[in-house]
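Pasting protein19.pdb here (PDB, C-alpha atoms):
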```pdb
ATOM      1  CA  MET A 139      74.789  74.747  89.271
ATOM      2  CA  MET A 140      75.110  78.240  87.803
ATOM      3  CA  LEU A 141      72.018  80.319  87.112
ATOM      4  CA  TYR A 142      72.310  83.208  84.713
ATOM      5  CA  ARG A 143      69.631  85.850  84.579
ATOM      6  CA  THR A 144      68.821  86.827  81.050
ATOM      7  CA  TYR A 145      68.111  90.445  80.248
ATOM      8  CA  GLN A 146      64.457  91.261  80.703
ATOM      9  CA  SER A 147      63.195  94.460  79.098
ATOM     10  CA  TYR A 148      61.019  96.868  81.037
ATOM     11  CA  CYS A 149      58.127  96.064  78.705
ATOM     12  CA  ASP A 150      58.469  92.366  79.562
ATOM     13  CA  ARG A 151      58.651  93.186  83.247
ATOM     14  CA  LEU A 152      55.571  95.377  82.967
ATOM     15  CA  ARG A 153      53.731  92.552  81.205
ATOM     16  CA  GLN A 154      54.720  90.267  84.055
ATOM     17  CA  ASP A 155      53.676  92.801  86.729
ATOM     18  CA  MET A 156      50.426  93.890  85.068
ATOM     19  CA  TYR A 157      48.161  91.525  87.009
ATOM     20  CA  PHE A 158      49.793  92.465  90.301
ATOM     21  CA  LEU A 159      49.437  96.187  89.594
ATOM     22  CA  THR A 160      45.849  96.012  88.403
ATOM     23  CA  SER A 161      44.591  93.763  91.186
ATOM     24  CA  ASN A 162      42.383  95.511  93.722
ATOM     25  CA  GLY A 163      44.114  97.322  96.504
ATOM     26  CA  GLN A 164      47.647  97.454  95.100
ATOM     27  CA  LEU A 165      47.437 100.992  93.730
ATOM     28  CA  SER A 166      44.907 103.516  94.920
ATOM     29  CA  GLU A 167      43.298 106.024  92.607
ATOM     30  CA  HIS A 168      45.377 108.762  94.210
ATOM     31  CA  LEU A 169      48.659 106.911  93.520
ATOM     32  CA  VAL A 170      47.686 106.183  89.922
ATOM     33  CA  ASP A 171      46.907 109.878  89.421
ATOM     34  CA  LYS A 172      50.276 110.849  90.903
ATOM     35  CA  ILE A 173      52.085 108.428  88.567
ATOM     36  CA  ILE A 174      50.175 109.726  85.537
ATOM     37  CA  LEU A 175      50.884 113.338  86.503
ATOM     38  CA  GLN A 176      54.564 112.605  86.941
ATOM     39  CA  LEU A 177      54.741 110.897  83.552
ATOM     40  CA  ASN A 178      52.900 113.866  82.039
ATOM     41  CA  ARG A 179      54.649 116.766  83.754
ATOM     42  CA  VAL A 180      58.171 115.451  84.277
ATOM     43  CA  TYR A 181      58.275 113.452  81.050
ATOM     44  CA  PRO A 182      55.758 115.081  78.683
ATOM     45  CA  GLN A 183      57.164 113.074  75.775
ATOM     46  CA  ILE A 184      55.826 109.937  77.484
ATOM     47  CA  LEU A 185      52.287 111.099  78.179
ATOM     48  CA  THR A 186      50.741 114.092  76.439
ATOM     49  CA  ASN A 187      48.132 116.208  78.184
ATOM     50  CA  LYS A 188      45.353 114.537  76.204
ATOM     51  CA  GLU A 189      46.602 111.037  77.116
ATOM     52  CA  ALA A 190      46.989 112.025  80.775
ATOM     53  CA  GLU A 191      43.413 113.306  80.878
ATOM     54  CA  LYS A 192      42.198 110.052  79.335
ATOM     55  CA  PHE A 193      43.985 107.928  81.942
ATOM     56  CA  ARG A 194      42.858 110.194  84.806
ATOM     57  CA  ASN A 195      39.164 110.133  83.863
ATOM     58  CA  PRO A 196      37.286 109.379  87.109
ATOM     59  CA  LYS A 197      34.279 108.032  85.172
ATOM     60  CA  THR A 198      36.337 105.011  84.049
ATOM     61  CA  LEU A 199      37.120 102.216  86.497
ATOM     62  CA  LEU A 200      40.603 102.364  88.023
ATOM     63  CA  HIS A 201      41.388  98.831  86.846
ATOM     64  CA  THR A 202      40.521  99.758  83.247
ATOM     65  CA  ARG A 203      42.461 103.034  83.336
ATOM     66  CA  LEU A 204      45.551 101.347  84.766
ATOM     67  CA  SER A 205      45.353  98.454  82.290
ATOM     68  CA  ASP A 206      45.014 100.909  79.402
ATOM     69  CA  LEU A 207      47.951 102.969  80.693
ATOM     70  CA  ILE A 208      50.186  99.903  80.936
ATOM     71  CA  LYS A 209      49.226  98.716  77.438
ATOM     72  CA  HIS A 210      49.789 102.233  76.078
ATOM     73  CA  LEU A 211      53.286 102.389  77.615
ATOM     74  CA  GLN A 212      54.159  98.922  76.321
ATOM     75  CA  ASN A 213      53.185  99.986  72.796
ATOM     76  CA  LYS A 214      55.414 103.067  73.046
ATOM     77  CA  GLY A 215      58.553 101.117  73.995
ATOM     78  CA  ASP A 216      61.004 100.163  76.691
ATOM     79  CA  LYS A 217      62.008 103.697  77.747
ATOM     80  CA  HIS A 218      58.390 104.585  78.467
ATOM     81  CA  CYS A 219      57.966 101.449  80.576
ATOM     82  CA  GLN A 220      61.189 102.261  82.421
ATOM     83  CA  GLU A 221      59.880 105.731  83.280
ATOM     84  CA  PHE A 222      56.667 104.146  84.561
ATOM     85  CA  TYR A 223      58.757 102.012  86.933
ATOM     86  CA  ARG A 224      60.686 105.081  88.031
ATOM     87  CA  ALA A 225      57.437 106.956  88.739
ATOM     88  CA  LEU A 226      56.066 103.919  90.578
ATOM     89  CA  GLN A 227      59.195 103.708  92.709
ATOM     90  CA  ILE A 228      59.037 107.403  93.598
ATOM     91  CA  ASN A 229      55.323 107.461  94.409
ATOM     92  CA  ALA A 230      54.652 103.945  95.740
ATOM     93  CA  GLU A 231      57.929 102.431  96.851
ATOM     94  CA  GLN A 232      56.352  99.597  98.852
ATOM     95  CA  VAL A 233      54.310  98.463  95.850
ATOM     96  CA  TYR A 234      57.423  98.787  93.677
ATOM     97  CA  ASN A 235      59.434  96.581  96.046
ATOM     98  CA  ASP A 236      56.665  93.949  96.115
ATOM     99  CA  LEU A 237      56.458  93.588  92.325
ATOM    100  CA  PRO A 238      56.864  89.997  91.085
ATOM    101  CA  SER A 239      59.570  91.035  88.620
ATOM    102  CA  ARG A 240      61.528  92.739  91.443
ATOM    103  CA  LYS A 241      61.406  89.565  93.538
ATOM    104  CA  ILE A 242      62.898  87.580  90.657
ATOM    105  CA  ILE A 243      65.681  90.154  90.240
ATOM    106  CA  LYS A 244      66.448  90.107  93.966
ATOM    107  CA  THR A 245      66.672  86.317  94.169
ATOM    108  CA  THR A 246      68.812  85.743  91.084
ATOM    109  CA  ASP A 247      72.393  86.874  90.939
ATOM    110  CA  SER A 248      74.240  87.421  87.677
ATOM    111  CA  THR A 249      77.262  85.527  89.016
ATOM    112  CA  GLY A 250      75.176  82.516  89.967
ATOM    113  CA  ILE A 251      76.481  82.535  93.556
ATOM    114  CA  ASP A 252      73.997  82.286  96.364
ATOM    115  CA  THR A 253      75.336  85.117  98.541
ATOM    116  CA  ASP A 254      73.597  83.927 101.719
ATOM    117  CA  LYS A 255      75.170  80.467 101.416
ATOM    118  CA  GLU A 256      78.552  81.973 100.470
ATOM    119  CA  GLN A 257      78.410  84.269 103.487
ATOM    120  CA  TYR A 258      77.717  81.288 105.739
ATOM    121  CA  ILE A 259      80.591  79.318 104.254
ATOM    122  CA  LEU A 260      83.018  82.187 104.785
ATOM    123  CA  ASN A 261      81.890  82.967 108.322
ATOM    124  CA  ASP A 262      81.166  79.545 109.829
ATOM    125  CA  ARG A 263      84.300  79.401 111.991
ATOM    126  CA  GLY A 264      83.386  82.264 114.288
ATOM    127  CA  PRO A 265      85.376  84.571 116.550
ATOM    128  CA  MET A 266      87.087  81.843 118.599
ATOM    129  CA  PHE A 267      88.864  80.533 115.505
ATOM    130  CA  PHE A 268      90.094  84.059 114.778
ATOM    131  CA  LEU A 269      91.309  84.530 118.348
ATOM    132  CA  ALA A 270      93.084  81.165 118.325
ATOM    133  CA  CYS A 271      94.884  81.968 115.061
ATOM    134  CA  PHE A 272      95.779  85.435 116.310
ATOM    135  CA  SER A 273      97.129  84.031 119.577
ATOM    136  CA  VAL A 274      99.295  81.502 117.756
ATOM    137  CA  ALA A 275     100.639  84.214 115.447
ATOM    138  CA  ALA A 276     101.293  86.617 118.337
ATOM    139  CA  GLY A 277     103.000  83.868 120.350
ATOM    140  CA  PHE A 278     105.151  82.895 117.385
ATOM    141  CA  ALA A 279     106.125  86.543 116.813
ATOM    142  CA  LEU A 280     106.998  86.984 120.492
ATOM    143  CA  PHE A 281     108.967  83.758 120.446
ATOM    144  CA  MET A 282     110.930  84.843 117.369
ATOM    145  CA  TYR A 283     111.594  88.265 118.889
ATOM    146  CA  CYS A 284     112.899  86.769 122.111
ATOM    147  CA  CYS A 285     115.059  84.212 120.296
ATOM    148  CA  ASN A 286     116.793  86.776 118.126
ATOM    149  CA  SER A 287     120.481  86.744 119.153
ATOM    150  CA  GLY A 288     120.763  90.528 118.746
ATOM    151  CA  THR A 289     118.133  91.359 121.346
ATOM    152  CA  LYS A 290     118.799  91.498 125.076
ATOM    153  CA  VAL A 291     115.218  91.291 126.321
ATOM    154  CA  ILE A 292     115.197  87.797 127.775
ATOM    155  CA  GLY A 293     114.381  89.099 131.271
ATOM    156  CA  GLY A 294     111.556  91.228 129.894
ATOM    157  CA  ALA A 295     110.307  88.332 127.827
ATOM    158  CA  ARG A 296     110.212  86.178 130.932
ATOM    159  CA  LYS A 297     107.957  88.765 132.610
ATOM    160  CA  ILE A 298     105.653  88.835 129.629
ATOM    161  CA  LEU A 299     105.518  85.054 129.415
ATOM    162  CA  GLY A 300     104.728  84.945 133.139
ATOM    163  CA  PHE A 301     101.329  86.474 132.324
ATOM    164  CA  SER A 302     100.846  84.282 129.286
ATOM    165  CA  PRO A 303      98.426  81.710 130.757
ATOM    166  CA  ILE A 304      95.797  84.310 130.054
ATOM    167  CA  ILE A 305      96.888  84.570 126.409
ATOM    168  CA  ILE A 306      98.347  81.153 125.587
ATOM    169  CA  GLY A 307      98.072  77.774 127.275
ATOM    170  CA  ARG A 308     100.292  76.702 130.178
ATOM    171  CA  HIS A 309     101.892  73.966 128.107
ATOM    172  CA  VAL A 310     103.087  76.455 125.489
ATOM    173  CA  LYS A 311     104.215  78.865 128.232
ATOM    174  CA  ASN A 312     106.316  76.139 129.874
ATOM    175  CA  ILE A 313     108.006  75.255 126.576
ATOM    176  CA  CYS A 314     108.811  78.930 125.918
ATOM    177  CA  MET A 315     110.174  79.425 129.455
ATOM    178  CA  LEU A 316     112.395  76.327 129.150
ATOM    179  CA  TYR A 317     113.727  77.577 125.832
ATOM    180  CA  LEU A 318     114.463  81.031 127.285
ATOM    181  CA  GLU A 319     116.272  79.518 130.272
ATOM    182  CA  ASP A 320     118.272  77.274 127.949
ATOM    183  CA  THR A 321     119.294  80.185 125.710
ATOM    184  CA  SER A 322     120.255  82.327 128.719
ATOM    185  CA  ARG A 323     122.539  79.552 130.077
ATOM    186  CA  ASN A 324     124.290  79.170 126.725
ATOM    187  CA  LYS A 325     125.226  82.861 126.624
TER
END
```
Would you write the structure of this file as structure tokens?
Amino acid sequence: MMLYRTYQSYCDRLRQDMYFLTSNGQLSEHLVDKIILQLNRVYPQILTNKEAEKFRNPKTLLHTRLSDLIKHLQNKGDKHCQEFYRALQINAEQVYNDLPSRKIIKTTDSTGIDTDKEQYILNDRGPMFFLACFSVAAGFALFMYCCNSGTKVIGGARKILGFSPIIIGRHVKNICMLYLEDTSRNK
């Protein structure tokens, strides 16, 4: 089953995250002021001085100020909402990472592949399988090298194969030794 994530605008994400952001304890008054100041000073086209003063008014409840700020940004457009997310990430990264819209983005993949499951499928054989395959390949390469008629290393190969119970099984070592003895008699 393939899941495709549809494009979600920053305004839609902000609408989805509004309850989370305005609930008590998520953003302190200090963090909200820092976000408003960043939107005002770094991006004055997003919040004018007059708007920033309105949203920083300490006489208004924090919940109301934050709700009004979010609604104001949503009315201005997607770029303004995107800059709010950028300011939130800079000033309150933990809150930004815990946003409901961020959790949806993290869990869905545009390819539709569950990467955790795919990683398990690719890595389920473990290191012993790798070592076994490598040993077979190394043994085959050594066998081919020793059997080459142009090489005169049969004595050296016998010494190497003498230590091979550590690397390859005794049964394979015995077969290789018999083959080497047979080839040395034929020459």
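A straight line drawn from CA of Lys217 in chain A to CA of Leu169 in chain A is 20.9 Å long.
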Coordinates-based distance that separates CA of His210 in chain A from CA of Gln232 in chain A (Å, one decimal):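 Separation of CA of Gln232 in chain A and CA of His210 in chain A: 23.8 Å.
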Residues within 7 Å of (55.9, 86.8, 84.8), counting all atoms listed in the file, listed as a PyMOL selection string: chain A and resi 154-155+239
Top pick for closest residue to Asp150 in chain A, considering A:Asn229, A:Ser166, A:Asn235, A:Asn213 and counting only C-alpha atoms: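 Among the listed residues, the smallest separation from Asp150 in chain A belongs to A:Asn213.
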Within 12 Å of file point (63.2, 104.9, 85.3), counting all atoms listed in the file, expressed as number ranges by chain: A: 148, 176-177, 180-181, 184, 216-228, 234
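Take CA of Gly215 in chain A and CA of Gly163 in chain A: the distance between them is 27.0 Å.
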Counting only C-alpha atoms, the residue of A:Ser147, A:Thr186, A:Asn195, A:Gln164 that sits nearest Ala230 in chain A: A:Gln164
Enclose the full set of atoms of range 230-243 of chain A listed in the file within a box whose edges lie along x, y and z, apply 5 Å of padding to each of the six sides, and report centre and edge lengths in Å to one decimal as JSON.
```
{"center_x": 60.0, "center_y": 95.8, "center_z": 93.7, "size_x": 21.4, "size_y": 26.4, "size_z": 20.2}
```
